[in-house]
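**Student:** PDB, C-alpha atoms and all ligand atoms, saved as data_31.pdb, coming up:
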ATOM      1  CA  MET A   1       0.000   0.000   0.000
ATOM      2  CA  PRO A   2       1.616   3.298  -1.031
ATOM      3  CA  LEU A   3       1.793   5.989   1.647
ATOM      4  CA  PRO A   4      -1.386   8.148   1.524
ATOM      5  CA  LYS A   5      -0.417  11.646   0.484
ATOM      6  CA  ALA A   6      -1.706  14.912  -0.948
ATOM      7  CA  GLU A   7      -0.202  16.373  -4.108
ATOM      8  CA  LEU A   8       0.003  20.174  -3.968
ATOM      9  CA  HIS A   9       2.205  21.045  -6.939
ATOM     10  CA  LEU A  10       0.944  19.531 -10.167
ATOM     11  CA  HIS A  11       0.365  21.213 -13.514
ATOM     12  CA  ILE A  12      -2.406  19.315 -15.279
ATOM     13  CA  GLU A  13      -0.909  20.199 -18.679
ATOM     14  CA  GLY A  14       2.316  18.602 -17.452
ATOM     15  CA  THR A  15       0.569  15.241 -17.113
ATOM     16  CA  LEU A  16       0.164  14.910 -20.894
ATOM     17  CA  GLU A  17       1.906  11.611 -21.643
ATOM     18  CA  PRO A  18       3.273  11.120 -25.194
ATOM     19  CA  GLU A  19       0.707   8.384 -25.937
ATOM     20  CA  LEU A  20      -2.221  10.633 -25.032
ATOM     21  CA  ALA A  21      -0.622  13.551 -26.910
ATOM     22  CA  PHE A  22      -0.617  11.476 -30.124
ATOM     23  CA  GLU A  23      -4.126  10.157 -29.479
ATOM     24  CA  LEU A  24      -5.497  13.691 -29.032
ATOM     25  CA  ALA A  25      -3.501  14.949 -32.034
ATOM     26  CA  ALA A  26      -5.161  12.289 -34.210
ATOM     27  CA  ARG A  27      -8.612  13.010 -32.755
ATOM     28  CA  ASN A  28      -8.263  16.741 -33.380
ATOM     29  CA  GLY A  29      -6.406  16.682 -36.715
ATOM     30  CA  VAL A  30      -3.312  18.313 -35.199
ATOM     31  CA  THR A  31       0.079  17.416 -36.678
ATOM     32  CA  LEU A  32       2.885  17.128 -34.137
ATOM     33  CA  PRO A  33       6.445  17.740 -35.331
ATOM     34  CA  TYR A  34       7.558  14.338 -33.985
ATOM     35  CA  ALA A  35       7.380  11.032 -35.853
ATOM     36  CA  ASP A  36       6.207   8.987 -32.852
ATOM     37  CA  THR A  37       6.232   8.754 -29.061
ATOM     38  CA  ASP A  38       9.885   7.687 -28.997
ATOM     39  CA  ALA A  39      10.932  10.706 -31.040
ATOM     40  CA  LEU A  40       8.881  12.920 -28.721
ATOM     41  CA  ARG A  41      10.485  11.395 -25.632
ATOM     42  CA  GLU A  42      13.892  12.187 -27.102
ATOM     43  CA  ALA A  43      12.953  15.865 -26.920
ATOM     44  CA  TYR A  44      12.699  15.561 -23.117
ATOM     45  CA  ALA A  45      16.352  16.460 -22.543
ATOM     46  CA  PHE A  46      15.962  19.828 -20.874
ATOM     47  CA  LYS A  47      18.742  22.215 -19.949
ATOM     48  CA  ASP A  48      16.665  24.628 -17.874
ATOM     49  CA  LEU A  49      13.096  25.754 -17.168
ATOM     50  CA  GLN A  50      12.692  27.608 -20.484
ATOM     51  CA  SER A  51      13.738  24.638 -22.632
ATOM     52  CA  PHE A  52      11.034  22.594 -20.892
ATOM     53  CA  LEU A  53       8.413  25.342 -21.171
ATOM     54  CA  ASN A  54       8.941  25.525 -24.947
ATOM     55  CA  LEU A  55       7.887  21.889 -25.347
ATOM     56  CA  TYR A  56       5.191  22.122 -22.658
ATOM     57  CA  TYR A  57       3.465  24.971 -24.542
ATOM     58  CA  GLU A  58       4.030  23.346 -27.945
ATOM     59  CA  LEU A  59       2.303  20.090 -26.966
ATOM     60  CA  MET A  60      -0.727  21.913 -25.587
ATOM     61  CA  ALA A  61      -1.802  22.328 -29.239
ATOM     62  CA  VAL A  62      -3.433  18.880 -29.012
ATOM     63  CA  LEU A  63      -5.828  20.029 -26.245
ATOM     64  CA  ARG A  64      -8.862  21.407 -28.088
ATOM     65  CA  THR A  65     -12.152  20.260 -26.543
ATOM     66  CA  GLU A  66     -13.778  19.833 -23.138
ATOM     67  CA  GLN A  67     -13.413  16.075 -23.619
ATOM     68  CA  ASP A  68      -9.635  16.457 -24.089
ATOM     69  CA  PHE A  69      -9.316  18.182 -20.712
ATOM     70  CA  THR A  70     -11.579  15.571 -19.106
ATOM     71  CA  ASP A  71      -9.461  12.733 -20.535
ATOM     72  CA  LEU A  72      -6.232  14.448 -19.466
ATOM     73  CA  ALA A  73      -7.434  14.907 -15.885
ATOM     74  CA  ASN A  74      -8.855  11.383 -15.618
ATOM     75  CA  ALA A  75      -5.560   9.899 -16.815
ATOM     76  CA  TYR A  76      -3.664  11.886 -14.152
ATOM     77  CA  LEU A  77      -6.119  11.029 -11.368
ATOM     78  CA  ALA A  78      -5.920   7.295 -12.133
ATOM     79  CA  ARG A  79      -2.112   7.338 -12.047
ATOM     80  CA  ALA A  80      -1.976   9.513  -8.929
ATOM     81  CA  ALA A  81      -4.481   7.283  -7.098
ATOM     82  CA  ALA A  82      -2.358   4.218  -7.890
ATOM     83  CA  GLN A  83       0.587   5.946  -6.174
ATOM     84  CA  GLY A  84      -1.301   6.783  -2.970
ATOM     85  CA  VAL A  85      -2.475  10.319  -3.772
ATOM     86  CA  ARG A  86      -5.724  10.913  -1.869
ATOM     87  CA  HIS A  87      -6.022  14.631  -2.513
ATOM     88  CA  ALA A  88      -4.690  16.764  -5.389
ATOM     89  CA  GLU A  89      -4.552  20.552  -5.726
ATOM     90  CA  ILE A  90      -4.260  20.935  -9.460
ATOM     91  CA  PHE A  91      -2.761  23.880 -11.350
ATOM     92  CA  PHE A  92      -3.931  24.878 -14.785
ATOM     93  CA  ASP A  93      -2.696  27.590 -17.161
ATOM     94  CA  PRO A  94      -5.747  29.277 -18.726
ATOM     95  CA  GLN A  95      -3.783  31.917 -20.643
ATOM     96  CA  ALA A  96      -1.920  29.206 -22.558
ATOM     97  CA  HIS A  97      -5.280  27.950 -23.865
ATOM     98  CA  ILE A  98      -7.124  31.244 -24.316
ATOM     99  CA  SER A  99      -4.244  32.498 -26.493
ATOM    100  CA  ARG A 100      -4.868  29.473 -28.760
ATOM    101  CA  GLY A 101      -8.516  30.443 -29.195
ATOM    102  CA  LEU A 102     -10.100  28.195 -26.556
ATOM    103  CA  SER A 103     -12.581  29.615 -24.086
ATOM    104  CA  LEU A 104     -11.950  29.485 -20.361
ATOM    105  CA  GLY A 105     -15.236  27.575 -20.105
ATOM    106  CA  THR A 106     -13.912  24.751 -22.306
ATOM    107  CA  VAL A 107     -10.938  24.322 -19.993
ATOM    108  CA  VAL A 108     -12.718  24.639 -16.646
ATOM    109  CA  GLU A 109     -15.808  22.620 -17.621
ATOM    110  CA  GLY A 110     -13.632  19.927 -19.192
ATOM    111  CA  LEU A 111     -11.417  19.610 -16.120
ATOM    112  CA  TRP A 112     -14.427  19.740 -13.833
ATOM    113  CA  ARG A 113     -16.084  16.777 -15.513
ATOM    114  CA  ALA A 114     -13.165  14.696 -14.225
ATOM    115  CA  LEU A 115     -12.562  16.540 -10.939
ATOM    116  CA  GLY A 116     -16.210  16.683  -9.918
ATOM    117  CA  ASP A 117     -16.445  12.861 -10.030
ATOM    118  CA  SER A 118     -12.914  12.152  -8.864
ATOM    119  CA  GLU A 119     -13.753  11.112  -5.303
ATOM    120  CA  ARG A 120     -16.205   8.538  -6.656
ATOM    121  CA  ASN A 121     -14.153   7.412  -9.665
ATOM    122  CA  HIS A 122     -10.613   7.566  -8.284
ATOM    123  CA  GLY A 123     -10.865   8.031  -4.505
ATOM    124  CA  VAL A 124      -9.030  11.357  -4.876
ATOM    125  CA  SER A 125     -10.468  14.667  -3.649
ATOM    126  CA  THR A 126      -9.391  17.694  -5.666
ATOM    127  CA  LYS A 127      -9.091  21.448  -5.736
ATOM    128  CA  LEU A 128      -8.326  23.628  -8.728
ATOM    129  CA  ILE A 129      -5.741  26.441  -8.722
ATOM    130  CA  MET A 130      -5.654  28.858 -11.654
ATOM    131  CA  CYS A 131      -2.127  29.998 -12.499
ATOM    132  CA  PHE A 132      -1.088  33.208 -14.193
ATOM    133  CA  LEU A 133       1.819  33.125 -16.645
ATOM    134  CA  ARG A 134       4.406  35.446 -15.113
ATOM    135  CA  ASP A 135       6.062  36.100 -18.495
ATOM    136  CA  GLU A 136       2.755  37.590 -19.679
ATOM    137  CA  SER A 137       1.637  41.041 -18.545
ATOM    138  CA  ALA A 138      -0.099  41.862 -15.268
ATOM    139  CA  ASP A 139      -3.017  43.213 -17.347
ATOM    140  CA  SER A 140      -3.411  39.841 -19.036
ATOM    141  CA  ALA A 141      -3.486  38.155 -15.611
ATOM    142  CA  LEU A 142      -6.137  40.606 -14.435
ATOM    143  CA  GLU A 143      -8.239  39.969 -17.567
ATOM    144  CA  THR A 144      -7.970  36.236 -16.933
ATOM    145  CA  LEU A 145      -9.124  36.657 -13.352
ATOM    146  CA  THR A 146     -12.079  38.724 -14.573
ATOM    147  CA  ALA A 147     -12.961  36.050 -17.148
ATOM    148  CA  ALA A 148     -12.846  33.441 -14.364
ATOM    149  CA  GLN A 149     -15.528  35.099 -12.241
ATOM    150  CA  PRO A 150     -18.340  32.793 -13.496
ATOM    151  CA  TYR A 151     -16.261  29.760 -12.449
ATOM    152  CA  LEU A 152     -15.135  30.822  -8.987
ATOM    153  CA  ASP A 153     -17.239  28.106  -7.334
ATOM    154  CA  ARG A 154     -14.808  25.640  -8.948
ATOM    155  CA  ILE A 155     -11.556  27.513  -8.378
ATOM    156  CA  THR A 156      -9.960  27.471  -4.925
ATOM    157  CA  GLY A 157      -6.962  29.636  -5.518
ATOM    158  CA  VAL A 158      -4.523  31.390  -7.786
ATOM    159  CA  GLY A 159      -0.873  30.652  -8.555
ATOM    160  CA  LEU A 160       1.984  32.049 -10.597
ATOM    161  CA  ASP A 161       4.114  29.978 -12.963
ATOM    162  CA  SER A 162       6.131  29.933 -16.234
ATOM    163  CA  ALA A 163       9.507  31.662 -16.790
ATOM    164  CA  GLU A 164      10.586  32.999 -13.397
ATOM    165  CA  VAL A 165      13.776  35.050 -13.790
ATOM    166  CA  GLY A 166      13.029  38.647 -14.752
ATOM    167  CA  HIS A 167       9.384  38.336 -13.692
ATOM    168  CA  PRO A 168       9.378  39.039  -9.955
ATOM    169  CA  PRO A 169       6.240  38.450  -7.895
ATOM    170  CA  ALA A 170       5.663  42.183  -7.302
ATOM    171  CA  LYS A 171       4.607  42.506 -10.955
ATOM    172  CA  PHE A 172       1.355  40.784  -9.895
ATOM    173  CA  ARG A 173       0.600  42.759  -6.722
ATOM    174  CA  GLU A 174      -2.723  44.091  -7.975
ATOM    175  CA  VAL A 175      -4.050  40.821  -9.387
ATOM    176  CA  TYR A 176      -3.283  39.048  -6.088
ATOM    177  CA  GLU A 177      -5.055  41.833  -4.176
ATOM    178  CA  VAL A 178      -8.146  41.291  -6.320
ATOM    179  CA  ALA A 179      -7.846  37.504  -5.872
ATOM    180  CA  ALA A 180      -7.710  37.947  -2.101
ATOM    181  CA  ARG A 181     -10.816  40.145  -2.167
ATOM    182  CA  LEU A 182     -12.586  37.411  -4.146
ATOM    183  CA  GLY A 183     -11.780  34.944  -1.360
ATOM    184  CA  LEU A 184      -9.235  32.959  -3.385
ATOM    185  CA  ARG A 185      -6.282  31.206  -1.740
ATOM    186  CA  ARG A 186      -2.866  32.361  -2.935
ATOM    187  CA  VAL A 187       0.296  30.461  -3.898
ATOM    188  CA  ALA A 188       3.180  31.263  -6.271
ATOM    189  CA  HIS A 189       6.222  29.588  -7.772
ATOM    190  CA  ALA A 190       9.292  31.292  -6.310
ATOM    191  CA  GLY A 191      12.916  30.335  -5.839
ATOM    192  CA  GLU A 192      12.974  27.581  -8.478
ATOM    193  CA  GLU A 193      15.367  29.448 -10.799
ATOM    194  CA  GLY A 194      14.745  32.878  -9.305
ATOM    195  CA  PRO A 195      16.617  34.290  -6.288
ATOM    196  CA  PRO A 196      15.582  34.019  -2.613
ATOM    197  CA  GLN A 197      14.344  37.627  -2.833
ATOM    198  CA  TYR A 198      11.463  36.394  -5.028
ATOM    199  CA  ILE A 199      10.335  34.116  -2.171
ATOM    200  CA  THR A 200      10.294  37.046   0.253
ATOM    201  CA  GLU A 201       8.376  39.133  -2.284
ATOM    202  CA  ALA A 202       5.806  36.379  -2.860
ATOM    203  CA  LEU A 203       5.146  36.332   0.894
ATOM    204  CA  ASP A 204       5.203  40.080   1.528
ATOM    205  CA  VAL A 205       3.715  41.499  -1.660
ATOM    206  CA  LEU A 206       1.425  38.701  -2.879
ATOM    207  CA  GLY A 207       0.483  37.298   0.535
ATOM    208  CA  VAL A 208       1.001  33.691  -0.528
ATOM    209  CA  GLU A 209       0.207  30.923   1.953
ATOM    210  CA  ARG A 210       2.480  28.365   0.294
ATOM    211  CA  VAL A 211       5.583  28.686  -1.855
ATOM    212  CA  ASP A 212       5.896  26.444  -4.907
ATOM    213  CA  HIS A 213       9.458  25.087  -5.078
ATOM    214  CA  GLY A 214      11.162  27.618  -2.766
ATOM    215  CA  LEU A 215      14.348  25.621  -3.270
ATOM    216  CA  ARG A 216      16.700  28.609  -3.314
ATOM    217  CA  CYS A 217      15.645  29.752   0.172
ATOM    218  CA  MET A 218      18.641  27.699   1.302
ATOM    219  CA  GLU A 219      20.920  30.496   0.082
ATOM    220  CA  ASP A 220      19.478  32.878   2.693
ATOM    221  CA  PRO A 221      19.644  31.703   6.331
ATOM    222  CA  ALA A 222      17.436  34.562   7.564
ATOM    223  CA  LEU A 223      14.756  33.566   5.058
ATOM    224  CA  VAL A 224      14.977  29.911   6.135
ATOM    225  CA  GLU A 225      14.509  31.020   9.736
ATOM    226  CA  ARG A 226      11.445  33.027   8.739
ATOM    227  CA  LEU A 227       9.901  30.187   6.720
ATOM    228  CA  VAL A 228      10.409  27.847   9.676
ATOM    229  CA  ARG A 229       8.992  30.354  12.186
ATOM    230  CA  GLU A 230       5.933  31.114  10.053
ATOM    231  CA  ARG A 231       5.497  27.466   9.071
ATOM    232  CA  ILE A 232       5.244  28.346   5.374
ATOM    233  CA  PRO A 233       4.871  25.150   3.358
ATOM    234  CA  LEU A 234       7.205  24.568   0.405
ATOM    235  CA  THR A 235       5.999  22.341  -2.423
ATOM    236  CA  LEU A 236       9.228  20.722  -3.574
ATOM    237  CA  CYS A 237       9.508  18.684  -6.775
ATOM    238  CA  PRO A 238      12.753  16.678  -6.628
ATOM    239  CA  LEU A 239      12.630  14.907 -10.010
ATOM    240  CA  SER A 240      11.675  18.183 -11.684
ATOM    241  CA  ASN A 241      14.675  19.887 -10.078
ATOM    242  CA  VAL A 242      16.976  17.249 -11.556
ATOM    243  CA  ARG A 243      15.436  17.386 -15.062
ATOM    244  CA  LEU A 244      15.448  21.208 -15.172
ATOM    245  CA  ARG A 245      18.975  21.337 -13.761
ATOM    246  CA  ALA A 246      18.081  23.229 -10.581
ATOM    247  CA  VAL A 247      20.281  20.598  -8.890
ATOM    248  CA  ASP A 248      23.085  18.599 -10.545
ATOM    249  CA  THR A 249      21.874  15.186  -9.404
ATOM    250  CA  LEU A 250      19.198  13.925  -7.039
ATOM    251  CA  ALA A 251      21.946  13.081  -4.542
ATOM    252  CA  ASP A 252      22.680  16.844  -4.368
ATOM    253  CA  HIS A 253      19.078  17.774  -3.551
ATOM    254  CA  PRO A 254      18.829  19.873  -0.371
ATOM    255  CA  LEU A 255      15.635  18.128   0.848
ATOM    256  CA  PRO A 256      17.354  16.398   3.824
ATOM    257  CA  ALA A 257      19.002  19.676   4.869
ATOM    258  CA  MET A 258      15.688  21.471   4.461
ATOM    259  CA  LEU A 259      13.913  18.967   6.711
ATOM    260  CA  ASP A 260      16.763  19.173   9.241
ATOM    261  CA  ALA A 261      16.369  22.963   9.240
ATOM    262  CA  GLY A 262      12.724  22.496  10.259
ATOM    263  CA  LEU A 263      11.167  23.652   6.976
ATOM    264  CA  MET A 264       7.677  22.401   6.208
ATOM    265  CA  CYS A 265       8.521  20.500   3.043
ATOM    266  CA  THR A 266       6.204  18.540   0.787
ATOM    267  CA  VAL A 267       7.161  16.323  -2.172
ATOM    268  CA  ASN A 268       5.295  16.620  -5.461
ATOM    269  CA  SER A 269       5.639  15.780  -9.148
ATOM    270  CA  ASP A 270       5.227  19.172 -10.949
ATOM    271  CA  ASP A 271       4.962  17.892 -14.560
ATOM    272  CA  PRO A 272       5.150  14.123 -14.168
ATOM    273  CA  ALA A 273       4.826  13.207 -17.858
ATOM    274  CA  TYR A 274       7.981  15.222 -18.580
ATOM    275  CA  PHE A 275      10.103  14.705 -15.470
ATOM    276  CA  GLY A 276      10.118  10.945 -15.023
ATOM    277  CA  GLY A 277       7.552  10.247 -12.388
ATOM    278  CA  TYR A 278       4.387  10.833 -10.414
ATOM    279  CA  ALA A 279       4.096  11.641  -6.700
ATOM    280  CA  GLY A 280       4.909   8.132  -5.494
ATOM    281  CA  ASP A 281       7.902   7.963  -7.852
ATOM    282  CA  ASN A 282       9.214  11.194  -6.308
ATOM    283  CA  PHE A 283       8.784   9.730  -2.805
ATOM    284  CA  ALA A 284      10.547   6.515  -3.846
ATOM    285  CA  ALA A 285      13.400   8.431  -5.484
ATOM    286  CA  VAL A 286      14.125  10.594  -2.427
ATOM    287  CA  GLN A 287      13.860   7.576  -0.163
ATOM    288  CA  GLN A 288      16.360   5.587  -2.220
ATOM    289  CA  THR A 289      18.788   8.302  -3.252
ATOM    290  CA  LEU A 290      18.686  10.595  -0.237
ATOM    291  CA  GLY A 291      18.229   7.805   2.304
ATOM    292  CA  LEU A 292      15.198   9.347   3.987
ATOM    293  CA  THR A 293      13.929   7.300   6.909
ATOM    294  CA  GLU A 294      10.353   5.987   7.190
ATOM    295  CA  ASP A 295       9.741   8.710   9.808
ATOM    296  CA  ARG A 296      10.863  11.399   7.368
ATOM    297  CA  LEU A 297       8.602  10.008   4.633
ATOM    298  CA  ARG A 298       5.664   9.980   7.031
ATOM    299  CA  GLU A 299       6.506  13.586   7.978
ATOM    300  CA  LEU A 300       6.414  14.543   4.290
ATOM    301  CA  ALA A 301       3.038  12.848   3.840
ATOM    302  CA  ARG A 302       1.647  14.475   6.999
ATOM    303  CA  ASN A 303       2.917  17.873   5.835
ATOM    304  CA  SER A 304       1.151  17.414   2.491
ATOM    305  CA  PHE A 305      -2.263  17.189   4.177
ATOM    306  CA  ARG A 306      -1.515  19.977   6.652
ATOM    307  CA  ALA A 307      -0.304  22.284   3.893
ATOM    308  CA  SER A 308      -3.357  21.546   1.732
ATOM    309  CA  PHE A 309      -6.388  23.776   1.410
ATOM    310  CA  LEU A 310      -8.631  21.015   2.746
ATOM    311  CA  GLU A 311     -10.884  21.951   5.648
ATOM    312  CA  ASP A 312     -10.272  19.916   8.830
ATOM    313  CA  ASP A 313     -13.187  17.544   8.223
ATOM    314  CA  GLU A 314     -12.208  17.046   4.572
ATOM    315  CA  GLU A 315      -8.621  16.383   5.643
ATOM    316  CA  ARG A 316      -9.675  13.641   8.041
ATOM    317  CA  ARG A 317     -11.665  11.963   5.268
ATOM    318  CA  ALA A 318      -8.833  12.271   2.753
ATOM    319  CA  ARG A 319      -6.259  10.626   5.013
TER     320      ARG A 319
HETATM  321  N1  LIG A 401       8.015  26.003 -13.228
HETATM  322  C1  LIG A 401       7.410  27.087 -13.711
HETATM  323  N2  LIG A 401       6.366  27.028 -14.513
HETATM  324  C2  LIG A 401       5.880  25.841 -14.840
HETATM  325  C3  LIG A 401       6.454  24.679 -14.374
HETATM  326  C4  LIG A 401       7.587  24.768 -13.518
HETATM  327  O1  LIG A 401       8.180  23.776 -13.055
HETATM  328  N3  LIG A 401       5.727  23.660 -14.887
HETATM  329  C5  LIG A 401       4.749  24.198 -15.627
HETATM  330  N4  LIG A 401       4.836  25.521 -15.619
HETATM  331 ZN    ZN A 402       5.520  23.955 -11.093
END
Could you rewrite the structure in this file as structure tokens?
Ligand code: HPA
Ligand code: ZN

**Tutor:**
Amino acid sequence: MPLPKAELHLHIEGTLEPELAFELAARNGVTLPYADTDALREAYAFKDLQSFLNLYYELMAVLRTEQDFTDLANAYLARAAAQGVRHAEIFFDPQAHISRGLSLGTVVEGLWRALGDSERNHGVSTKLIMCFLRDESADSALETLTAAQPYLDRITGVGLDSAEVGHPPAKFREVYEVAARLGLRRVAHAGEEGPPQYITEALDVLGVERVDHGLRCMEDPALVERLVRERIPLTLCPLSNVRLRAVDTLADHPLPAMLDAGLMCTVNSDDPAYFGGYAGDNFAAVQQTLGLTEDRLRELARNSFRASFLEDDEERRAR
């Protein structure tokens, strides 16, 4: 029985496996510039975040209809459930679809057809977090939030993702203020490739409750102390960090040092179709390579529920 856990850092578009990408391409009459799934997999040799994002956005071309988003989410939920995920807080990138001519309704309704039945079909409770692309303008983010107003009963929170360096959190001050007024929970990617200062800014300017990645906090002891004191959860993604070269090898990952420092770490898969594994694979990898004890693994699983946006009664049911 895999350890029951919550997954808090998962981009639904990053769960698009090569086989499903080709199936959807055929269904929608989209031609992919790869001969087959093997040729596509060969393109998964990333040198940094941007080289991954280029492929991530390119493959989204196969997602056209509500049914595509439903199929994508169901495929993820089935795989996650098999690896012990009982609760998933799922990111999606509406701007990447709206810019291709899809409506926000197609994306949200399509995802919701899978998420709304997920407890019954997969034994996984879910929440949806709408991310803004930080390399797009703040105005575009604000327009997206406005367009999302009819769907706010399905959206728990907002996040910030895509190319980090050069796009500091403060750029999105206003959109996060509006999100807070709308009662949305707030998270943001910070300190994946960007400096520790971006983590501080995400906390102070955007008011985030969790930091996605947060890896580079380790360069700033005063920031580590603050994150420990304020019990700010970090949603780490070890296999992602290896594939995007945020760390040289998994053996170099600071997760053990972060746990020793008292940081509230969680382990997640980020974009599992691209980075070599789902949540359970990430747990297994850190156990094997970093020698984490059973107690440490249980701490990580416990943290994942505590750091989630589940209410207390929901959390008890999910565990
Ligand atoms: N970082 C930033 N943006 C992203 C990622 C990531 O790992 N995955 C999908 N969008
Ligand atoms: Zn991410």

**Student:** For this file, the PyMOL selection byres (((chain A and resi 289) around 12) and not hetatm) selects which residues, as a PyMOL selection string?

**Tutor:** chain A and resi 238-239+249-256+281-288+290-293

**Student:** Could you list the protein, DNA and RNA residues that have any atom within 7 Å of ligand LIG 401 (chain A), counting all atoms listed in the file, and write them as a PDB file with C-alpha atoms, in the coordinates of the input?

**Tutor:**
ATOM      1  CA  HIS A  11       0.365  21.213 -13.514  1.00  0.00           C
ATOM      2  CA  GLY A  14       2.316  18.602 -17.452  1.00  0.00           C
ATOM      3  CA  LEU A  49      13.096  25.754 -17.168  1.00  0.00           C
ATOM      4  CA  LEU A  53       8.413  25.342 -21.171  1.00  0.00           C
ATOM      5  CA  ASP A 161       4.114  29.978 -12.963  1.00  0.00           C
ATOM      6  CA  SER A 162       6.131  29.933 -16.234  1.00  0.00           C
ATOM      7  CA  ALA A 163       9.507  31.662 -16.790  1.00  0.00           C
ATOM      8  CA  GLU A 164      10.586  32.999 -13.397  1.00  0.00           C
ATOM      9  CA  HIS A 189       6.222  29.588  -7.772  1.00  0.00           C
ATOM     10  CA  SER A 240      11.675  18.183 -11.684  1.00  0.00           C
ATOM     11  CA  ASP A 270       5.227  19.172 -10.949  1.00  0.00           C
ATOM     12  CA  ASP A 271       4.962  17.892 -14.560  1.00  0.00           C
TER      13      ASP A 271
END

**Student:** Please determine, counting only C-alpha atoms, which residue among A:Lys47, A:Arg79, A:His97, A:His167 has the shortest atom-to-atom distance to A:Thr65.

**Tutor:**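 Among A:Lys47, A:Arg79, A:His97, A:His167, it is A:His97 that comes nearest to A:Thr65.
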
**Student:** Hey, which residues come within 12 Å of ligand ZN 402 (chain A) if we count all atoms listed in the file? Could you give them as a ChimeraX atom specification?

**Tutor:** /A:7-15,49,52-53,56,89-93,129,131-133,159-164,187-193,211-215,234-241,244,267-272,274-275

**Student:** Report, in Å with one decimal, the straight-line distance from atom CA of A:Ala257 to atom CA of A:Arg134.

**Tutor:**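 These atoms are spaced 29.3 Å apart.
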